[in-house]
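Student: File follows, protein-v4.txt with compact mmCIF, C-alpha atoms:
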```txt
# COMPACT_ATOMS: atom_id res chain seq x y z
CA MET A 1 0.00 0.00 0.00
CA GLU A 2 1.27 3.37 -0.98
CA MET A 3 0.69 5.84 1.83
CA GLY A 4 0.49 8.77 -0.54
CA LYS A 5 -2.61 7.62 -2.41
CA ILE A 6 -6.05 7.97 -0.92
CA LEU A 7 -7.73 6.52 -4.00
CA GLU A 8 -6.32 4.20 -6.62
CA VAL A 9 -8.29 2.93 -9.60
CA THR A 10 -6.49 0.40 -11.79
CA ASN A 11 -7.75 -1.11 -15.06
CA LEU A 12 -11.32 -0.74 -13.92
CA ARG A 13 -13.83 -2.24 -16.34
CA LYS A 14 -17.59 -2.34 -16.42
CA GLU A 15 -19.70 -3.37 -19.40
CA TYR A 16 -23.29 -2.43 -19.96
CA THR A 17 -25.22 -3.17 -23.14
CA ASP A 18 -24.91 0.41 -24.35
CA PHE A 19 -21.78 1.58 -22.52
CA ILE A 20 -18.34 0.25 -21.60
CA LEU A 21 -15.99 1.67 -19.03
CA LYS A 22 -12.72 0.65 -20.66
CA ASP A 23 -10.08 -0.42 -18.13
CA ILE A 24 -9.58 3.02 -16.67
CA SER A 25 -6.79 3.94 -14.25
CA PHE A 26 -6.17 7.03 -12.16
CA SER A 27 -5.20 7.90 -8.62
CA LEU A 28 -5.64 10.71 -6.14
CA PRO A 29 -2.90 11.59 -3.62
CA ARG A 30 -3.71 12.53 -0.05
CA GLY A 31 -4.27 16.19 0.65
CA PHE A 32 -5.45 17.24 -2.79
CA ILE A 33 -8.54 18.02 -4.80
CA MET A 34 -9.35 16.27 -8.06
CA GLY A 35 -11.92 17.35 -10.62
CA PHE A 36 -13.44 14.49 -12.58
CA ILE A 37 -14.69 16.00 -15.80
CA GLY A 38 -16.36 14.79 -18.96
CA PRO A 39 -19.58 15.16 -20.92
CA ASN A 40 -22.83 13.51 -19.88
CA GLY A 41 -22.66 9.76 -20.44
CA ALA A 42 -18.84 9.69 -20.42
CA GLY A 43 -18.70 7.33 -17.45
CA LYS A 44 -18.30 9.66 -14.49
CA SER A 45 -21.26 8.40 -12.48
CA THR A 46 -20.50 4.77 -13.33
CA THR A 47 -16.95 5.24 -12.03
CA ILE A 48 -18.16 6.90 -8.85
CA LYS A 49 -20.75 4.18 -8.23
CA LEU A 50 -18.01 1.59 -8.68
CA ILE A 51 -15.76 3.43 -6.21
CA MET A 52 -18.66 3.61 -3.74
CA ASN A 53 -19.19 -0.13 -4.25
CA LEU A 54 -22.79 0.47 -5.32
CA VAL A 55 -22.35 -1.56 -8.51
CA ARG A 56 -20.12 -4.54 -9.16
CA LYS A 57 -17.07 -4.14 -11.39
CA ASP A 58 -16.27 -6.63 -14.16
CA SER A 59 -12.53 -6.44 -13.62
CA GLY A 60 -9.79 -4.22 -12.29
CA GLU A 61 -9.01 -2.88 -8.86
CA ILE A 62 -10.27 -0.06 -6.66
CA LYS A 63 -8.35 0.83 -3.53
CA VAL A 64 -9.57 3.42 -1.07
CA PHE A 65 -7.25 4.29 1.84
CA GLY A 66 -5.09 1.46 0.46
CA LEU A 67 -7.86 -1.10 0.99
CA ASP A 68 -9.92 -3.04 -1.53
CA ASN A 69 -13.20 -1.19 -1.75
CA ALA A 70 -15.42 -4.30 -1.85
CA THR A 71 -13.87 -6.39 0.92
CA HIS A 72 -13.46 -3.38 3.23
CA ASP A 73 -16.73 -1.72 2.34
CA ARG A 74 -17.82 -0.87 5.89
CA GLU A 75 -14.65 0.67 7.21
CA ILE A 76 -14.16 2.60 3.99
CA LYS A 77 -17.68 4.06 4.08
CA GLN A 78 -17.06 5.33 7.61
CA ASN A 79 -14.37 7.46 6.14
CA ILE A 80 -16.04 8.72 2.98
CA GLY A 81 -18.32 11.72 2.72
CA PHE A 82 -20.56 11.28 -0.28
CA VAL A 83 -22.62 13.93 -2.03
CA TYR A 84 -24.93 12.79 -4.81
CA ASP A 85 -26.44 15.08 -7.40
CA GLU A 86 -29.86 13.94 -6.22
CA ASN A 87 -31.15 13.89 -2.70
CA HIS A 88 -30.98 10.36 -1.33
CA TYR A 89 -32.41 11.05 2.10
CA TYR A 90 -35.99 10.33 2.99
CA GLU A 91 -38.00 13.36 1.92
CA GLU A 92 -40.54 13.13 4.75
CA LEU A 93 -37.88 13.65 7.41
CA THR A 94 -36.30 16.78 8.85
CA PRO A 95 -32.52 17.31 9.31
CA ASP A 96 -33.00 16.62 13.04
CA GLU A 97 -34.70 13.31 12.35
CA ILE A 98 -32.18 12.28 9.73
CA ARG A 99 -29.39 13.02 12.17
CA SER A 100 -30.84 10.67 14.77
CA ILE A 101 -31.02 7.89 12.17
CA ILE A 102 -27.61 8.22 10.56
CA ALA A 103 -25.42 9.47 13.42
CA PRO A 104 -25.24 6.04 15.13
CA PHE A 105 -23.78 4.50 11.96
CA TYR A 106 -20.70 6.67 12.15
CA SER A 107 -18.10 6.09 14.83
CA ARG A 108 -16.85 9.65 14.47
CA TRP A 109 -20.12 11.50 14.05
CA ASP A 110 -19.67 15.15 15.03
CA ASP A 111 -22.81 16.98 16.17
CA GLU A 112 -20.98 20.24 16.50
CA ALA A 113 -19.85 20.10 12.88
CA TYR A 114 -23.30 19.00 11.69
CA TYR A 115 -25.24 21.79 13.38
CA GLY A 116 -22.47 24.20 12.50
CA PHE A 117 -22.93 23.45 8.81
CA LEU A 118 -26.73 23.60 9.07
CA ARG A 119 -26.41 27.08 10.51
CA TYR A 120 -23.74 28.10 8.03
CA PHE A 121 -25.88 26.91 5.11
CA GLU A 122 -28.99 28.43 6.73
CA LEU A 123 -30.85 25.13 6.65
CA PRO A 124 -33.85 24.74 8.99
CA GLN A 125 -33.45 21.82 11.42
CA LYS A 126 -37.13 21.09 11.69
CA LYS A 127 -38.35 21.36 8.13
CA LYS A 128 -39.01 18.32 5.97
CA LEU A 129 -36.54 17.77 3.17
CA LYS A 130 -39.29 17.73 0.58
CA LYS A 131 -39.78 21.44 1.31
CA PHE A 132 -36.12 22.13 0.51
CA SER A 133 -35.04 23.62 -2.81
CA LYS A 134 -32.55 21.72 -4.98
CA GLY A 135 -29.70 23.89 -3.73
CA MET A 136 -30.73 23.38 -0.10
CA LYS A 137 -30.77 19.62 -0.60
CA THR A 138 -27.25 19.70 -1.97
CA LYS A 139 -26.16 21.83 0.97
CA PHE A 140 -27.76 19.32 3.30
CA SER A 141 -25.93 16.41 1.64
CA LEU A 142 -22.71 18.33 2.02
CA ALA A 143 -23.42 19.02 5.70
CA VAL A 144 -23.84 15.30 6.35
CA ALA A 145 -20.79 14.39 4.25
CA LEU A 146 -18.62 16.74 6.27
CA SER A 147 -19.89 15.80 9.71
CA HIS A 148 -18.40 12.39 10.35
CA GLY A 149 -14.68 12.99 10.01
CA ALA A 150 -14.46 11.69 6.44
CA GLU A 151 -11.00 11.76 4.91
CA LEU A 152 -12.24 11.36 1.36
CA VAL A 153 -15.10 13.48 0.10
CA ILE A 154 -16.68 12.34 -3.14
CA MET A 155 -19.16 14.58 -4.87
CA ASP A 156 -21.13 13.59 -7.93
CA GLU A 157 -22.15 16.69 -9.89
CA PRO A 158 -22.35 18.84 -6.75
CA THR A 159 -22.74 22.12 -8.57
CA SER A 160 -25.62 21.35 -10.90
CA GLY A 161 -28.49 23.54 -9.84
CA LEU A 162 -26.42 25.66 -7.48
CA ASP A 163 -26.12 29.39 -7.66
CA PRO A 164 -22.71 31.01 -8.20
CA VAL A 165 -22.59 32.35 -4.64
CA PHE A 166 -22.86 28.90 -3.13
CA ARG A 167 -20.43 27.45 -5.65
CA ARG A 168 -17.90 29.94 -4.33
CA GLU A 169 -18.74 28.98 -0.77
CA ILE A 170 -18.03 25.35 -1.65
CA LEU A 171 -14.57 26.40 -2.84
CA ASP A 172 -13.79 27.81 0.58
CA ILE A 173 -15.17 24.75 2.32
CA LEU A 174 -13.11 22.37 0.20
CA LEU A 175 -9.93 24.39 0.58
CA GLU A 176 -10.50 24.53 4.34
CA LEU A 177 -11.00 20.77 4.34
CA ILE A 178 -7.62 19.98 2.80
CA GLN A 179 -5.68 22.34 5.08
CA ASP A 180 -4.66 19.40 7.29
CA GLU A 181 -2.90 17.69 4.33
CA ARG A 182 -4.73 14.43 5.05
CA LYS A 183 -8.06 14.79 3.34
CA SER A 184 -8.86 14.62 -0.35
CA VAL A 185 -11.79 15.55 -2.53
CA LEU A 186 -13.01 14.01 -5.75
CA PHE A 187 -15.76 15.90 -7.50
CA SER A 188 -17.32 15.13 -10.82
CA THR A 189 -18.82 17.71 -13.08
CA HIS A 190 -19.86 18.14 -16.68
CA ILE A 191 -19.85 21.91 -16.37
CA THR A 192 -16.27 22.90 -15.80
CA SER A 193 -17.10 25.74 -13.49
CA ASP A 194 -15.28 27.87 -10.96
CA LEU A 195 -14.77 24.71 -8.92
CA ASP A 196 -11.93 23.85 -11.27
CA ARG A 197 -9.95 26.73 -9.86
CA VAL A 198 -9.18 24.74 -6.77
CA ALA A 199 -8.63 21.36 -8.40
CA ASP A 200 -5.03 20.20 -8.11
CA TYR A 201 -5.64 17.32 -10.48
CA ILE A 202 -8.01 16.88 -13.38
CA THR A 203 -9.15 13.53 -14.66
CA PHE A 204 -10.92 13.82 -17.98
CA ILE A 205 -13.07 10.92 -19.10
CA ASN A 206 -14.72 10.59 -22.50
CA LYS A 207 -16.64 7.61 -23.91
CA GLY A 208 -15.53 5.35 -21.09
CA GLU A 209 -11.85 6.16 -21.50
CA ILE A 210 -9.48 8.46 -19.63
CA VAL A 211 -8.25 11.25 -21.89
CA PHE A 212 -5.85 12.49 -19.22
CA SER A 213 -5.41 12.42 -15.48
CA THR A 214 -2.78 14.87 -14.38
CA GLN A 215 -2.00 18.12 -12.58
CA ARG A 216 -4.34 20.87 -13.64
CA ASP A 217 -1.51 23.36 -14.09
CA ASP A 218 0.27 21.07 -16.57
CA ILE A 219 -2.83 20.86 -18.68
CA LEU A 220 -3.51 24.56 -18.68
CA GLU A 221 0.09 25.32 -19.55
CA ASN A 222 0.27 22.98 -22.50
CA TYR A 223 -3.10 23.21 -24.16
CA GLY A 224 -3.86 26.25 -26.27
CA LEU A 225 -6.58 27.64 -28.46
CA VAL A 226 -5.54 28.79 -31.91
CA ARG A 227 -7.53 31.10 -34.16
CA GLY A 228 -6.65 32.17 -37.64
CA ASN A 229 -6.97 32.09 -41.36
CA LYS A 230 -7.94 28.73 -42.87
CA GLU A 231 -4.83 28.78 -45.07
CA LEU A 232 -2.84 27.97 -41.96
CA LEU A 233 -4.56 24.61 -41.76
CA GLU A 234 -2.23 22.52 -43.86
CA GLY A 235 -0.13 19.39 -43.67
CA THR A 236 2.49 20.70 -41.28
CA THR A 237 0.11 22.32 -38.80
CA ARG A 238 -2.83 19.91 -38.72
CA PRO A 239 -1.06 17.21 -36.70
CA PHE A 240 -0.73 19.70 -33.82
CA PHE A 241 -4.45 20.19 -33.53
CA VAL A 242 -6.69 17.98 -31.45
CA GLY A 243 -9.99 19.47 -32.54
CA ILE A 244 -10.70 21.96 -35.28
CA ARG A 245 -13.74 24.10 -35.91
CA GLU A 246 -13.87 25.65 -39.36
CA THR A 247 -16.19 28.51 -40.19
CA SER A 248 -16.55 30.74 -43.22
CA PHE A 249 -14.33 33.28 -41.49
CA GLY A 250 -11.47 31.09 -40.41
CA PHE A 251 -10.77 28.35 -37.94
CA GLU A 252 -10.45 27.75 -34.23
CA ALA A 253 -8.49 24.74 -33.04
CA LEU A 254 -7.22 23.14 -29.87
CA THR A 255 -3.60 22.14 -29.51
CA ARG A 256 -1.84 20.10 -26.86
CA ASP A 257 1.44 21.85 -27.49
CA ILE A 258 0.91 25.59 -27.26
CA GLN A 259 4.64 26.35 -27.31
CA LYS A 260 5.27 24.51 -30.55
CA VAL A 261 2.28 26.07 -32.27
CA ARG A 262 3.37 29.53 -31.11
CA ASN A 263 6.81 28.97 -32.62
CA LEU A 264 5.35 27.51 -35.79
CA LEU A 265 2.72 30.13 -36.52
CA LYS A 266 4.26 33.15 -34.77
CA GLU A 267 2.18 36.25 -35.51
CA ARG A 268 0.13 34.55 -38.19
CA ALA A 269 -2.42 33.24 -35.72
CA VAL A 270 -3.88 34.15 -32.35
CA VAL A 271 -2.71 31.62 -29.78
CA GLU A 272 -4.20 31.76 -26.31
CA LYS A 273 -4.44 29.60 -23.24
CA ALA A 274 -7.35 27.18 -23.41
CA THR A 275 -9.89 26.76 -20.65
CA LEU A 276 -10.87 23.32 -19.39
CA GLU A 277 -14.23 23.83 -21.02
CA GLU A 278 -12.63 24.41 -24.42
CA ILE A 279 -10.32 21.45 -23.93
CA MET A 280 -13.30 19.27 -23.14
CA LEU A 281 -15.38 20.59 -26.01
CA TYR A 282 -12.75 20.14 -28.72
CA THR A 283 -11.58 16.77 -27.46
CA VAL A 284 -15.12 15.44 -27.41
CA LYS A 285 -16.20 16.93 -30.73
CA GLY A 286 -12.97 16.53 -32.69
CA VAL A 287 -13.21 18.11 -36.12
CA VAL A 288 -16.28 20.26 -36.62
CA LYS A 289 -17.08 21.77 -40.00
CA MET B 1 1.78 41.90 0.95
CA ASP B 2 -0.57 41.87 -1.99
CA ILE B 3 -0.86 39.14 -4.57
CA VAL B 4 -3.03 39.87 -7.56
CA ILE B 5 -3.82 37.08 -9.95
CA SER B 6 -4.81 37.61 -13.55
CA ASN B 7 -6.71 34.96 -15.43
CA SER B 8 -6.05 36.63 -18.76
CA SER B 9 -2.28 36.87 -18.32
CA PRO B 10 -0.33 34.48 -20.54
CA ASP B 11 1.93 33.74 -17.55
CA PRO B 12 1.05 30.63 -15.57
CA LEU B 13 -0.50 31.26 -12.15
CA TYR B 14 2.46 29.91 -10.20
CA GLU B 15 4.75 32.28 -12.07
CA GLN B 16 2.53 35.25 -11.31
CA ILE B 17 2.62 34.41 -7.62
CA ALA B 18 6.37 33.75 -7.57
CA LYS B 19 7.06 36.99 -9.41
CA GLN B 20 5.00 39.10 -7.03
CA LEU B 21 6.55 37.55 -3.94
CA LYS B 22 9.98 38.02 -5.48
CA ASN B 23 9.25 41.68 -6.10
CA SER B 24 8.09 42.14 -2.53
CA ILE B 25 11.38 40.64 -1.36
CA LEU B 26 13.47 42.71 -3.75
CA LYS B 27 11.66 45.88 -2.76
CA GLY B 28 12.23 45.08 0.88
CA GLU B 29 8.54 44.74 1.80
CA LEU B 30 9.40 41.25 2.91
CA THR B 31 12.63 40.92 4.81
CA PRO B 32 14.82 37.95 5.71
CA GLY B 33 13.23 35.80 8.40
CA ASP B 34 9.67 36.84 7.58
CA LEU B 35 7.32 33.88 7.72
CA LEU B 36 5.28 33.33 4.56
CA PRO B 37 1.76 31.90 4.65
CA SER B 38 1.70 28.11 4.27
CA ILE B 39 1.08 26.84 0.75
CA ARG B 40 -2.33 25.61 1.83
CA THR B 41 -3.31 28.86 3.49
CA LEU B 42 -2.20 30.81 0.46
CA ALA B 43 -4.17 28.49 -1.84
CA LYS B 44 -7.21 28.98 0.33
CA GLU B 45 -6.86 32.76 0.40
CA LEU B 46 -6.40 32.99 -3.35
CA GLN B 47 -8.96 30.25 -4.03
CA ILE B 48 -6.58 28.34 -6.23
CA SER B 49 -5.10 24.88 -6.21
CA VAL B 50 -2.50 23.83 -3.65
CA ILE B 51 -0.21 22.51 -6.37
CA THR B 52 -0.05 25.97 -7.90
CA THR B 53 1.06 27.69 -4.71
CA LYS B 54 3.42 24.81 -3.95
CA ARG B 55 5.09 25.27 -7.30
CA ALA B 56 5.43 29.01 -6.75
CA TYR B 57 7.23 28.37 -3.46
CA GLU B 58 9.44 25.71 -5.03
CA GLU B 59 10.44 28.18 -7.70
CA LEU B 60 11.34 30.82 -5.09
CA GLU B 61 13.25 28.25 -3.09
CA LYS B 62 15.24 27.17 -6.11
CA GLU B 63 16.24 30.76 -6.74
CA GLY B 64 17.25 31.22 -3.12
CA PHE B 65 14.60 33.76 -2.18
CA ILE B 66 12.93 31.63 0.45
CA GLU B 67 13.80 28.70 2.67
CA SER B 68 11.41 26.00 3.76
CA VAL B 69 11.76 24.25 7.08
CA THR B 70 9.80 21.01 7.34
CA GLY B 71 7.01 21.35 9.84
CA LYS B 72 7.65 25.06 10.36
CA GLY B 73 6.94 26.71 7.06
CA SER B 74 8.65 28.94 4.56
CA TYR B 75 10.73 31.98 5.40
CA VAL B 76 12.26 34.75 3.40
CA ALA B 77 15.87 33.68 3.06
CA GLY B 78 18.64 35.70 4.61
CA GLN B 79 20.58 37.26 1.78
CA SER B 80 23.75 39.22 1.56
CA SER B 81 23.37 42.55 -0.14
CA ALA B 82 25.66 41.21 -2.87
CA ILE B 83 23.17 38.50 -3.79
CA ILE B 84 20.34 40.95 -3.86
CA LYS B 85 22.31 43.33 -6.03
CA GLU B 86 23.14 40.48 -8.35
CA LYS B 87 19.51 39.53 -8.58
CA ARG B 88 18.52 43.07 -9.40
CA LEU B 89 21.19 43.18 -12.05
CA LYS B 90 19.77 40.02 -13.52
CA ILE B 91 16.39 41.70 -13.76
CA VAL B 92 17.88 44.64 -15.62
CA GLU B 93 19.67 42.24 -17.94
CA ASP B 94 16.47 40.35 -18.66
CA LYS B 95 14.59 43.52 -19.45
CA LEU B 96 17.36 44.72 -21.75
CA ALA B 97 17.39 41.35 -23.50
CA GLU B 98 13.67 41.69 -24.03
CA ALA B 99 14.13 45.20 -25.45
CA VAL B 100 16.84 43.92 -27.78
CA SER B 101 14.72 41.08 -29.11
CA GLN B 102 11.74 43.41 -29.62
CA SER B 103 14.00 45.86 -31.42
CA LYS B 104 15.36 43.18 -33.68
CA ALA B 105 11.83 42.10 -34.55
CA LEU B 106 11.05 45.71 -35.50
CA GLY B 107 14.31 46.11 -37.42
CA ILE B 108 15.73 48.73 -35.06
CA GLU B 109 19.51 48.98 -35.41
CA LEU B 110 21.86 48.84 -32.42
CA GLU B 111 22.86 52.47 -32.92
CA GLU B 112 19.26 53.63 -32.82
CA LEU B 113 18.56 51.53 -29.74
CA ARG B 114 21.63 52.96 -28.03
CA GLU B 115 20.38 56.47 -28.71
CA MET B 116 16.98 55.61 -27.28
CA LEU B 117 18.59 54.17 -24.17
CA THR B 118 20.84 57.18 -23.66
CA LEU B 119 17.89 59.51 -24.05
CA LEU B 120 15.77 57.53 -21.57
CA TYR B 121 18.62 57.28 -19.10
CA GLU B 122 19.33 61.00 -19.16
CA GLU B 123 15.67 61.87 -18.86
CA GLY B 124 15.78 59.93 -15.60
CA VAL B 125 12.64 57.83 -16.11
```
Can you give me the file's structure in the form of structure tokens?
Tutor:
Amino acid sequence: MEMGKILEVTNLRKEYTDFILKDISFSLPRGFIMGFIGPNGAGKSTTIKLIMNLVRKDSGEIKVFGLDNATHDREIKQNIGFVYDENHYYEELTPDEIRSIIAPFYSRWDDEAYYGFLRYFELPQKKKLKKFSKGMKTKFSLAVALSHGAELVIMDEPTSGLDPVFRREILDILLELIQDERKSVLFSTHITSDLDRVADYITFINKGEIVFSTQRDDILENYGLVRGNKELLEGTTRPFFVGIRETSFGFEALTRDIQKVRNLLKERAVVEKATLEEIMLYTVKGVVK
Amino acid sequence: MDIVISNSSPDPLYEQIAKQLKNSILKGELTPGDLLPSIRTLAKELQISVITTKRAYEELEKEGFIESVTGKGSYVAGQSSAIIKEKRLKIVEDKLAEAVSQSKALGIELEELREMLTLLYEEGV
């Protein structure tokens, strides 16, 4: 077991009739935040369900805290805070009632943290969850996830349906969480939003395969967006482009090697840093006419 | 100590941070022995990734501007005035090199550049 890794996924495979997760591998070191990005249907939720041991894998290995996630299910779950994109708590109950049901399951349940988060998120203790808005439900999930001393927080599409103000609040909460250098966060999203700012690592999945899983800064330093005259799109330049969008006015293309393209095209094209959203878009779409 | 981050700058984030801290040290706003915020605190304050701030500190450490003590944090390194002068000289050299390369791109001759420099110097910019 490698002490440095809080999560290790190796050659993980899962086949459905209409989708295959193709032997994916990636890992998350302790003390860092990883964004798990990709379009809808890319395999993000399948991967997270496999990590959470909610569905059975076909082959491969998943280690959480250095332990096999299926054989050590119970002890691992004690230590994971999980936030789904949908509310999975009983809608007829209030936060107070839910607390009394779930607290006994966790050996390190922390009432002070729980009620602290409820107050911080301005969530009523005695109101039924079905009266909560979508954003409030997500906040509630987060409050629970952060109230039992979890070392790994996994969030599946936490930002969908959340307003920008709360998305920013989540940033602060996540950054506060990893201050002790022991905890890690994995969050999946199809909208590469402001959350990406704090991600140390980005794992990009597309069509059941990992496109890359690496430090965010490396990606943002190497990928670039190129705009220019269509005449520049010829034999020597094309191989440098991952995705190309041609219009009647010119082209826009994504490159993985911004430095090389800058040297090659010099002032003949506009070369800028690419955002994660652009990287995702062009990688998924490829060549668009 | 202020650190301002620009998302539109072509410079990577870590470089922007390293540069600004370096300037604070060179200008004497930060002095030898001053404790810098931890990489995680800085990441939190700036709302950016830990790896980015870590890399900025590593860069500064490599160049001898700061020293990191395991378990204690990072400090502004004690420097002799000679080192600091040398570093400032290096900055001047870099800027001149940049001016030269820009001039070459514009087809400005050495003589013309020299005249510009003399003029600027005497004007006391």
Student: Please, which residues of chain B lie no more than 6 Å from chain A when the count uses only C-alpha atoms, and can they be set out as a list in words?
Tutor: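 The complete set of qualifying residues is Arg40, Lys44, Ile48, Ser49 and Ile51 of chain B.
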Student: What separation in Å, quoted to one decimal, exists between CA of Leu146 (chain A) and CA of Ala70 (chain A)?
Tutor: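 The value is 22.8 Å.
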Student: Could you jot down the CA of Leu89 (chain B) to CA of Leu35 (chain B) separation for me, Å, one decimal place?
Tutor: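 A separation of 25.9 Å between them.
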Student: Report the distance between CA of Asn11 (chain A) and CA of Ser25 (chain A) in Å, rounded to one decimal place.
Tutor: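 About the pair CA of Asn11 (chain A) and CA of Ser25 (chain A): they are 5.2 Å apart.
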Student: List as a list in words the protein and nucleic acid residues near region 147-160 of chain A, meaning an atom at most 6 Å away when only C-alpha atoms are counted, but skip any in the same chain fewer than 2 places from it.
Tutor: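 My list of contacting residues is Asn79, Ile80, Gly81, Phe82, Val83, Tyr84, Asp85, Arg108, Trp109, Asp110, Ala113, Tyr114, Val144, Ala145, Leu162, Lys183, Ser184, Val185, Leu186, Phe187, Ser188 and Thr189 of chain A.
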Student: Would you list the contacts of Asn222 (chain A) as a list in words, taking every protein, DNA or RNA residue within 8 Å and counting only C-alpha atoms, but skipping same-chain residues closer than 3 positions in sequence?
Tutor: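 Listing them by chain and then by number gives Asp218, Ile219, Arg256, Asp257, Ile258 and Gln259 of chain A.
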Student: If you keep C-alpha atoms, can you produce a file of those selected residues as a PDB file, in the coordinates of the input?
Tutor:
```
ATOM      1  CA  ASP A 218       0.270  21.070 -16.570  1.00  0.00           C
ATOM      2  CA  ILE A 219      -2.830  20.860 -18.680  1.00  0.00           C
ATOM      3  CA  ARG A 256      -1.840  20.100 -26.860  1.00  0.00           C
ATOM      4  CA  ASP A 257       1.440  21.850 -27.490  1.00  0.00           C
ATOM      5  CA  ILE A 258       0.910  25.590 -27.260  1.00  0.00           C
ATOM      6  CA  GLN A 259       4.640  26.350 -27.310  1.00  0.00           C
TER       7      GLN A 259
END
```
Student: Can you tell me, as a VMD selection string, what residues are no more than 12 Å from Gly66 (chain A) when counting all atoms listed in the file, ignoring any on the same chain fewer than 2 positions away?
Tutor: chain A and resid 1 to 9 27 to 30 61 to 64 68 to 69 71 to 72 75 to 76
Student: Check the smallest atom-to-atom distance from each of A:Pro239, A:Val270, A:Leu21, A:Thr203 to Gly224 (chain A) using all atoms listed in the file, then report the winner.
Tutor: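 With all atoms listed in the file as the atom set, the closest residue is A:Val270.
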Student: Starting from 4 Å padding per side, set up an axis-aligned box that covers all listed atoms of region 16-34 of chain B and hand over centre and edge lengths in Å, one decimal, as lines of an AutoDock Vina configuration file.
Tutor:
```
center_x = 8.7
center_y = 39.8
center_z = -1.5
size_x = 20.3
size_y = 20.1
size_z = 27.7
```
Student: Closest to Glu61 (chain B) among B:Ala99, B:Glu86, B:Glu29, B:Ala18, using all atoms listed in the file?
Tutor: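 Nearest candidate to Glu61 (chain B) out of B:Ala99, B:Glu86, B:Glu29, B:Ala18: B:Ala18.
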Student: Supply region 270-274 of chain A as a short mmCIF file (atom, residue, chain, number, x, y, z; two decimals), in the frame of the given file, with all heavy atoms built in where the input has gaps.
Tutor:
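New file selection.cif:
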```
data_model
loop_
_atom_site.label_atom_id
_atom_site.label_comp_id
_atom_site.auth_asym_id
_atom_site.auth_seq_id
_atom_site.Cartn_x
_atom_site.Cartn_y
_atom_site.Cartn_z
N VAL A 270 -3.70 33.77 -33.75
CA VAL A 270 -3.88 34.15 -32.35
C VAL A 270 -3.80 32.86 -31.53
O VAL A 270 -4.56 31.93 -31.76
CB VAL A 270 -5.26 34.81 -32.13
CG1 VAL A 270 -5.47 35.14 -30.67
CG2 VAL A 270 -5.38 36.05 -32.99
N VAL A 271 -2.86 32.82 -30.61
CA VAL A 271 -2.71 31.62 -29.78
C VAL A 271 -2.91 32.02 -28.33
O VAL A 271 -2.19 32.87 -27.81
CB VAL A 271 -1.31 30.98 -29.97
CG1 VAL A 271 -1.22 29.69 -29.19
CG2 VAL A 271 -1.02 30.75 -31.44
N GLU A 272 -3.92 31.41 -27.69
CA GLU A 272 -4.20 31.76 -26.31
C GLU A 272 -4.29 30.51 -25.45
O GLU A 272 -4.44 29.41 -25.96
CB GLU A 272 -5.54 32.52 -26.22
CG GLU A 272 -5.48 33.90 -26.80
CD GLU A 272 -6.86 34.52 -26.98
OE1 GLU A 272 -7.86 33.78 -26.98
OE2 GLU A 272 -6.93 35.73 -27.13
N LYS A 273 -4.25 30.73 -24.15
CA LYS A 273 -4.44 29.60 -23.24
C LYS A 273 -5.87 29.07 -23.40
O LYS A 273 -6.79 29.85 -23.62
CB LYS A 273 -4.23 30.03 -21.79
CG LYS A 273 -2.78 30.28 -21.46
CD LYS A 273 -2.56 30.34 -19.96
CE LYS A 273 -3.00 31.67 -19.38
NZ LYS A 273 -2.59 31.84 -17.98
N ALA A 274 -6.02 27.77 -23.30
CA ALA A 274 -7.35 27.18 -23.41
C ALA A 274 -7.94 26.97 -22.02
O ALA A 274 -7.20 26.74 -21.07
CB ALA A 274 -7.28 25.86 -24.15
#
```
